[in-house]
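What follows is a set of notes on a single structure, which appears directly below.
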Amino acid sequence: MGKNKSKFVCRECGYEIVKWMGKCPSCLTFDSFDEELLVVAKKNGIVITIVPTSLNKIEENSKERMIMNLTELDRVLGGGLVKGSLVLVGGDPGIGKSTLLLQVCQTVDSKLSVFYVSGEESLAQIGIRAKRLKVESSSLLLANETNLESVCLHIETNKPSIAIIDSIQTMYSEELTSVPGSANQIRHATMRLMQVAKKTGTAIFLIGHVTKEGSIAGPKILEHMVDTVLYFEGDKNSSFRILRAVKNRFGSTNEIGIFEMGDCGLIEVANPSKRLLSGRNNNSMGSCVMPTLEGTRPIMIEIQALVCATAFGMPRRMSTGVDNKRVTMLLAILEKVLGYKIYNCDAYVNIAGGIKITETACDLAILAAIASSFTNQSINHQVVIIGEAGLTGEVRAVSYINKRIKEAERLGFTKAVVPLANEKDAIAASNKLTIIPVDNIKKALKMIL
Ligand code: TYD
Ligand code: MG
């Protein structure tokens, strides 16, 4: 007696302690501990001999992929959905996860049966949405259920080809004492559904809401349990949505799928570069174009900058779609290397279309856009600018120059400013584009402006 019969598990990160605390020592969230009763496992001493199988006797079933007929989703999954796999689709609430997966029900081969379980919306609500999305699949079965055992039982007995669980946070197991949505419930439900998927061969999609900290509630604990983790991202104010593979046991994690949210659901964007450059003004000041890499795919983006005299004592530096600290660093390079007096100017940098970039290969393009706005000189709209900037004013090499150059050629650009170190590969990639190699920022900006 006197022993602990319960433990406390953090709702956010899954950290376990024996006594309640107000603040989680791991993720520093306040009031995030749920009490869970410990169930002591019975030791019955049964040992079963395992019979290992030789590698060449294992049937190759990895080729058994189900094609969703949504090119962008199929690509992100690595060429279709693998039978018996568990795929987690995470994203902010309202970003379009339910919409995407309900659309899948329509596009998949009608021979495949789909079971859609919603713990969030009533059947009538799903019906309204399905009508709007023009989903009319006769092989689609819907259920409004939060009981994990009932859902698993249905999948085990009926063995649908695909099951969609919307969302994992609403699933509730009676075997546990903790409340729905707690880390323990989510972990248990995921583990149970994983077993069901492997046993029946049903591919299961789990929808998971991301908490404000940017992790799926009970975050990393889910990622290692599932086969594939996809994140659905996008700015709510923009209609652009990006589906990104963060982990994939059956394919590359570099792929992204691009969609646009419209009145009738999500539409695939097959040519994102063209769509992103569609509203561009030719030869305007403070604007230039560069091919950035999203996964393995090059996407042409427009970088815009605005530099104007500051009205207050402190100049403002604001950026959307690119790291603010990086922009501050680039502004400092312009001051030091080119002697621009930007210290009494406000500077704004924006990536058009709500796209976010993290790679350093766009440094030179950002510098060019800022310099263009500062000096009131426009940049030729037929030029793309590629290169990483160094603090001493040098232009450094970037990766995958050939893909970037090919994309520029495909979209009809005529000139490309590239780092000197990438010159050979750039020339080899295209015979239409004029390649302008540069090794330092000062020279580069002289050529561009
Ligand atoms: P939803 O799929 O419910 O998001 P999630 O499941 O990720 O929480 O998407 C909801 C948003 O999508 C909502 O703000 C409205 C918008 N939407 C459209 O713009 N067009 C549509 O055809 C649909 C179905 C939704
Ligand atoms: Mg939803």
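Within each chain, counting starts at residue 1; across the structure tokens, chains are named A, B, ... in the order shown, with ligands numbered 1 upward in that order.
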Report as a tab-separated table: every residue of chain A with an atom at most 7 Å from ligand 2, its closest pair of atoms, and their distance in Å to one decimal, counting only C-alpha atoms and all ligand atoms, with rows sorted by chain and ascending residue number.
```
residue	atom	partner	partner_atom_place_in_ligand_line	distance
A:Pro93	CA	ligand 2	1 (Mg)	6.8
A:Gly94	CA	ligand 2	1 (Mg)	6.5
A:Gly96	CA	ligand 2	1 (Mg)	6.8
A:Lys97	CA	ligand 2	1 (Mg)	5.8
A:Ser98	CA	ligand 2	1 (Mg)	4.3
A:Asp166	CA	ligand 2	1 (Mg)	6.5
```
* Asked: Using only C-alpha atoms and all ligand atoms, which protein or nucleic acid residues are at most 9 Å from ligand 1, as a VMD selection string?
  -> chain A and resid 90 to 102 129 to 130 132 to 133 166 to 167 207 to 209 232 236 239 261 to 266
* To do: Identify, on the basis of only C-alpha atoms, every residue whose closest approach to A:Ser32 does not exceed 10 Å; exclude the query and any residue fewer than 4 positions from it along the same chain; express the result as a PyMOL selection string.
  => chain A and resi 8-15+20-24+27-28+182
Save out the residues we just selected, C-alpha atoms, as a CSV table (one decimal), in the first residue's frame.
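What ended up in part-v3.csv:
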```csv
chain,number,residue,atom,x,y,z
A,8,PHE,CA,0.4,12.2,-14.9
A,9,VAL,CA,0.9,12.6,-18.6
A,10,CYS,CA,1.4,15.9,-20.4
A,11,ARG,CA,-1.3,16.5,-23.0
A,12,GLU,CA,1.1,18.4,-25.2
A,13,CYS,CA,4.3,16.4,-25.3
A,14,GLY,CA,3.6,13.1,-23.5
A,15,TYR,CA,6.0,13.7,-20.7
A,20,TRP,CA,1.1,16.5,-10.4
A,21,MET,CA,2.9,19.7,-11.4
A,22,GLY,CA,1.6,23.0,-12.7
A,23,LYS,CA,4.1,23.3,-15.4
A,24,CYS,CA,5.5,20.6,-17.7
A,27,CYS,CA,7.6,21.5,-23.0
A,28,LEU,CA,7.0,24.3,-20.4
A,182,SER,CA,-5.3,13.3,-24.0
```
* To do: Give the alpha helix (DSSP H) residues of stretch 202-400 of chain A, as DSSP finds them on the backbone, and put them as a ChimeraX atom specification.
  => /A:219-223,272-276,324-338,363-375
* DSSP strand (DSSP E) residues within stretch 295-435 of chain A, as a PyMOL selection string -> chain A and resi 297-309+317-320+345-351+383-385+388-389+395-396+415-419+434-435
Which residues come within 12 Å of A:Gly279, counting only C-alpha atoms, excluding same-chain residues fewer than 2 positions away, as a PDB file with N, CA, C and O atoms, in the first residue's frame?
```
ATOM      1  N   SER A 273       4.360  27.562 -60.749  1.00  0.00           N
ATOM      2  CA  SER A 273       5.159  28.738 -61.112  1.00  0.00           C
ATOM      3  C   SER A 273       4.328  29.725 -61.913  1.00  0.00           C
ATOM      4  O   SER A 273       4.336  30.924 -61.659  1.00  0.00           O
ATOM      5  N   LYS A 274       3.592  29.202 -62.880  1.00  0.00           N
ATOM      6  CA  LYS A 274       2.783  30.058 -63.752  1.00  0.00           C
ATOM      7  C   LYS A 274       1.722  30.779 -62.934  1.00  0.00           C
ATOM      8  O   LYS A 274       1.484  31.972 -63.089  1.00  0.00           O
ATOM      9  N   ARG A 275       1.117  30.047 -62.022  1.00  0.00           N
ATOM     10  CA  ARG A 275       0.060  30.602 -61.178  1.00  0.00           C
ATOM     11  C   ARG A 275       0.629  31.693 -60.260  1.00  0.00           C
ATOM     12  O   ARG A 275       0.019  32.740 -60.068  1.00  0.00           O
ATOM     13  N   LEU A 276       1.846  31.452 -59.726  1.00  0.00           N
ATOM     14  CA  LEU A 276       2.437  32.415 -58.790  1.00  0.00           C
ATOM     15  C   LEU A 276       2.889  33.698 -59.476  1.00  0.00           C
ATOM     16  O   LEU A 276       2.930  34.753 -58.859  1.00  0.00           O
ATOM     17  N   LEU A 277       3.256  33.578 -60.748  1.00  0.00           N
ATOM     18  CA  LEU A 277       3.750  34.769 -61.449  1.00  0.00           C
ATOM     19  C   LEU A 277       2.646  35.490 -62.217  1.00  0.00           C
ATOM     20  O   LEU A 277       2.890  36.505 -62.854  1.00  0.00           O
ATOM     21  N   ASN A 281       3.757  42.532 -62.378  1.00  0.00           N
ATOM     22  CA  ASN A 281       3.912  43.693 -63.261  1.00  0.00           C
ATOM     23  C   ASN A 281       5.295  43.643 -63.883  1.00  0.00           C
ATOM     24  O   ASN A 281       6.278  43.410 -63.187  1.00  0.00           O
ATOM     25  N   ASN A 282       5.379  43.870 -65.183  1.00  0.00           N
ATOM     26  CA  ASN A 282       6.689  43.849 -65.833  1.00  0.00           C
ATOM     27  C   ASN A 282       7.507  45.074 -65.457  1.00  0.00           C
ATOM     28  O   ASN A 282       6.992  46.178 -65.396  1.00  0.00           O
ATOM     29  N   ILE A 301       9.230  31.951 -57.836  1.00  0.00           N
ATOM     30  CA  ILE A 301       8.544  32.875 -56.924  1.00  0.00           C
ATOM     31  C   ILE A 301       8.948  34.314 -57.221  1.00  0.00           C
ATOM     32  O   ILE A 301      10.033  34.565 -57.740  1.00  0.00           O
ATOM     33  N   GLU A 302       8.044  35.209 -56.869  1.00  0.00           N
ATOM     34  CA  GLU A 302       8.363  36.626 -57.038  1.00  0.00           C
ATOM     35  C   GLU A 302       8.700  37.208 -55.668  1.00  0.00           C
ATOM     36  O   GLU A 302       7.929  37.059 -54.714  1.00  0.00           O
ATOM     37  N   ALA A 352       5.404  36.842 -52.883  1.00  0.00           N
ATOM     38  CA  ALA A 352       4.034  36.891 -53.402  1.00  0.00           C
ATOM     39  C   ALA A 352       3.383  35.511 -53.374  1.00  0.00           C
ATOM     40  O   ALA A 352       4.054  34.498 -53.539  1.00  0.00           O
ATOM     41  N   GLY A 353       2.085  35.493 -53.124  1.00  0.00           N
ATOM     42  CA  GLY A 353       1.318  34.239 -53.183  1.00  0.00           C
ATOM     43  C   GLY A 353       1.251  33.466 -51.885  1.00  0.00           C
ATOM     44  O   GLY A 353       0.753  32.348 -51.853  1.00  0.00           O
TER      45      GLY A 353
END
```
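Atom CA of A:Tyr172 to atom CA of A:Asn147 spans 5.1 Å [interatomic distance, one decimal].
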* To do: Could you give me, as a ChimeraX atom specification, the residues within 6 Å of stretch 105-116 of chain A, counting only C-alpha atoms and dropping anything in the same chain fewer than 5 positions from it?
  => /A:68-69,135,137,139-142,160-164
* Nearest to A:Tyr231, chosen from A:Ile256, A:Ser54, A:Ala311, A:Glu120, with only C-alpha atoms counted in the distances ->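 Residue with the minimum atom-to-atom distance to A:Tyr231: A:Ile256.
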* Interatomic distance between atom CA of A:Ile379 and atom CA of A:Ile441? -> 15.3 Å
* Asked: With only C-alpha atoms as the atoms that count, which of A:Gly321, A:Gly201, A:Gly234, A:Pro419 lies nearest to A:Leu81?
  ->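 Distance minimum relative to A:Leu81 lands on A:Gly201.
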* Pick from A:Val307, A:Ala428, A:Ala416, A:Ile448 nearest to A:Ala368, counting only C-alpha atoms -> A:Ile448
* Who sits within 10 Å of A:Pro291, only C-alpha atoms, same chain under 6 positions skipped, as number ranges by chain -> A: 273, 297-302, 361-362, 365, 384-386, 401, 403-408
Given the selection you just returned, output its residues as a file containing N, CA and C atoms, formatted as a short mmCIF file (atom, residue, chain, number, x, y, z; two decimals), in the first residue's frame.
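Writing the result to again09.cif gives the following:
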```
data_model
loop_
_atom_site.label_atom_id
_atom_site.label_comp_id
_atom_site.auth_asym_id
_atom_site.auth_seq_id
_atom_site.Cartn_x
_atom_site.Cartn_y
_atom_site.Cartn_z
N SER A 273 4.36 27.56 -60.75
CA SER A 273 5.16 28.74 -61.11
C SER A 273 4.33 29.72 -61.91
N ARG A 297 10.99 19.83 -56.32
CA ARG A 297 10.35 20.55 -57.41
C ARG A 297 10.72 22.02 -57.41
N PRO A 298 11.17 22.57 -58.54
CA PRO A 298 11.45 24.00 -58.56
C PRO A 298 10.15 24.79 -58.76
N ILE A 299 10.03 25.88 -58.01
CA ILE A 299 8.86 26.74 -58.15
C ILE A 299 9.36 28.17 -58.30
N MET A 300 8.83 28.85 -59.30
CA MET A 300 9.26 30.21 -59.54
C MET A 300 8.50 31.15 -58.61
N ILE A 301 9.23 31.95 -57.84
CA ILE A 301 8.54 32.87 -56.92
C ILE A 301 8.95 34.31 -57.22
N GLU A 302 8.04 35.21 -56.87
CA GLU A 302 8.36 36.63 -57.04
C GLU A 302 8.70 37.21 -55.67
N ALA A 361 19.37 30.06 -50.97
CA ALA A 361 19.63 30.33 -52.39
C ALA A 361 18.89 31.56 -52.90
N CYS A 362 17.95 32.07 -52.09
CA CYS A 362 17.20 33.25 -52.55
C CYS A 362 17.81 34.54 -52.02
N ALA A 365 18.54 37.22 -54.68
CA ALA A 365 17.30 37.78 -55.24
C ALA A 365 16.69 38.79 -54.26
N VAL A 384 16.22 35.78 -64.05
CA VAL A 384 16.05 35.13 -62.75
C VAL A 384 17.37 35.26 -62.00
N ILE A 385 17.29 35.37 -60.67
CA ILE A 385 18.49 35.63 -59.87
C ILE A 385 18.64 34.54 -58.82
N ILE A 386 19.79 33.85 -58.86
CA ILE A 386 20.01 32.72 -57.94
C ILE A 386 21.35 32.91 -57.23
N ILE A 401 21.22 23.45 -59.24
CA ILE A 401 21.14 24.58 -60.18
C ILE A 401 20.46 24.15 -61.48
N LYS A 403 17.99 22.05 -62.05
CA LYS A 403 16.52 22.06 -61.97
C LYS A 403 16.00 23.49 -62.03
N ARG A 404 16.68 24.38 -61.34
CA ARG A 404 16.24 25.78 -61.30
C ARG A 404 16.32 26.42 -62.69
N ILE A 405 17.45 26.14 -63.37
CA ILE A 405 17.64 26.73 -64.70
C ILE A 405 16.60 26.18 -65.68
N LYS A 406 16.34 24.88 -65.58
CA LYS A 406 15.35 24.27 -66.50
C LYS A 406 13.97 24.87 -66.31
N GLU A 407 13.61 25.14 -65.05
CA GLU A 407 12.30 25.74 -64.77
C GLU A 407 12.25 27.16 -65.36
N ALA A 408 13.36 27.90 -65.25
CA ALA A 408 13.41 29.26 -65.80
C ALA A 408 13.25 29.21 -67.31
#
```
* To do: Excluding A:Lys443 and residues on its chain fewer than 2 positions from it, collect all residues at most 12 Å away from it, counting only C-alpha atoms, and give them as a PyMOL selection string.
  => chain A and resi 337-338+364+368+393-395+417+419-420+436-441+445-449
Selection to disk with N, CA and C atoms, as an mmCIF file, in the first residue's frame:
```cif
data_model
loop_
_atom_site.group_PDB
_atom_site.id
_atom_site.type_symbol
_atom_site.label_atom_id
_atom_site.label_comp_id
_atom_site.auth_asym_id
_atom_site.auth_seq_id
_atom_site.Cartn_x
_atom_site.Cartn_y
_atom_site.Cartn_z
ATOM 1 N N VAL A 337 28.682 46.528 -47.658
ATOM 2 C CA VAL A 337 29.367 46.241 -48.917
ATOM 3 C C VAL A 337 29.095 47.301 -49.978
ATOM 4 N N LEU A 338 27.875 47.793 -50.040
ATOM 5 C CA LEU A 338 27.556 48.767 -51.079
ATOM 6 C C LEU A 338 27.428 50.192 -50.561
ATOM 7 N N LEU A 364 20.453 36.349 -52.892
ATOM 8 C CA LEU A 364 20.848 37.331 -53.906
ATOM 9 C C LEU A 364 19.610 38.004 -54.517
ATOM 10 N N ALA A 368 18.734 41.916 -54.445
ATOM 11 C CA ALA A 368 18.455 42.639 -55.687
ATOM 12 C C ALA A 368 17.127 43.390 -55.591
ATOM 13 N N GLY A 393 30.415 39.622 -48.564
ATOM 14 C CA GLY A 393 30.026 40.167 -49.854
ATOM 15 C C GLY A 393 30.217 39.214 -51.018
ATOM 16 N N GLU A 394 30.488 37.951 -50.726
ATOM 17 C CA GLU A 394 30.669 36.994 -51.830
ATOM 18 C C GLU A 394 29.352 36.303 -52.179
ATOM 19 N N VAL A 395 29.270 35.772 -53.393
ATOM 20 C CA VAL A 395 28.090 35.002 -53.803
ATOM 21 C C VAL A 395 28.482 33.533 -53.791
ATOM 22 N N VAL A 417 21.133 34.987 -63.549
ATOM 23 C CA VAL A 417 22.322 35.373 -62.790
ATOM 24 C C VAL A 417 22.583 34.236 -61.812
ATOM 25 N N PRO A 419 25.655 31.898 -59.276
ATOM 26 C CA PRO A 419 26.970 31.954 -58.646
ATOM 27 C C PRO A 419 28.038 31.401 -59.598
ATOM 28 N N LEU A 420 29.218 31.970 -59.560
ATOM 29 C CA LEU A 420 30.305 31.541 -60.443
ATOM 30 C C LEU A 420 30.570 30.044 -60.305
ATOM 31 N N ILE A 436 24.704 34.400 -66.578
ATOM 32 C CA ILE A 436 25.602 35.474 -66.118
ATOM 33 C C ILE A 436 26.210 35.042 -64.787
ATOM 34 N N PRO A 437 27.475 34.582 -64.808
ATOM 35 C CA PRO A 437 28.083 34.132 -63.551
ATOM 36 C C PRO A 437 28.594 35.316 -62.728
ATOM 37 N N VAL A 438 28.373 35.270 -61.407
ATOM 38 C CA VAL A 438 28.849 36.357 -60.532
ATOM 39 C C VAL A 438 29.516 35.754 -59.297
ATOM 40 N N ASP A 439 30.545 36.427 -58.785
ATOM 41 C CA ASP A 439 31.177 35.903 -57.577
ATOM 42 C C ASP A 439 31.099 36.863 -56.402
ATOM 43 N N ASN A 440 30.732 38.119 -56.652
ATOM 44 C CA ASN A 440 30.485 38.972 -55.489
ATOM 45 C C ASN A 440 29.262 39.869 -55.689
ATOM 46 N N ILE A 441 28.692 40.272 -54.552
ATOM 47 C CA ILE A 441 27.388 40.936 -54.565
ATOM 48 C C ILE A 441 27.439 42.280 -55.289
ATOM 49 N N LEU A 445 25.019 43.117 -58.408
ATOM 50 C CA LEU A 445 23.991 44.156 -58.435
ATOM 51 C C LEU A 445 24.238 45.164 -59.554
ATOM 52 N N LYS A 446 25.494 45.384 -59.899
ATOM 53 C CA LYS A 446 25.805 46.286 -61.012
ATOM 54 C C LYS A 446 25.246 45.726 -62.318
ATOM 55 N N MET A 447 25.376 44.400 -62.466
ATOM 56 C CA MET A 447 24.866 43.743 -63.692
ATOM 57 C C MET A 447 23.346 43.739 -63.717
ATOM 58 N N ILE A 448 22.751 43.538 -62.552
ATOM 59 C CA ILE A 448 21.298 43.377 -62.500
ATOM 60 C C ILE A 448 20.572 44.706 -62.656
ATOM 61 N N LEU A 449 21.092 45.749 -61.995
ATOM 62 C CA LEU A 449 20.371 47.042 -62.017
ATOM 63 C C LEU A 449 20.779 47.915 -63.197
#
```
* Distance criterion (only C-alpha atoms): nearest to A:Val289 out of A:Leu411, A:Ile258, A:Ala389, A:Leu243 ->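 Ranking A:Leu411, A:Ile258, A:Ala389, A:Leu243 by distance to A:Val289, first place goes to A:Leu411.
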* Asked: Nearest to A:Thr296 among A:Thr392, A:Asn402, A:Asn324, A:Gln382, with distances taken over only C-alpha atoms: which residue is it?
  ->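 Closest to A:Thr296, using only C-alpha atoms: A:Asn402.
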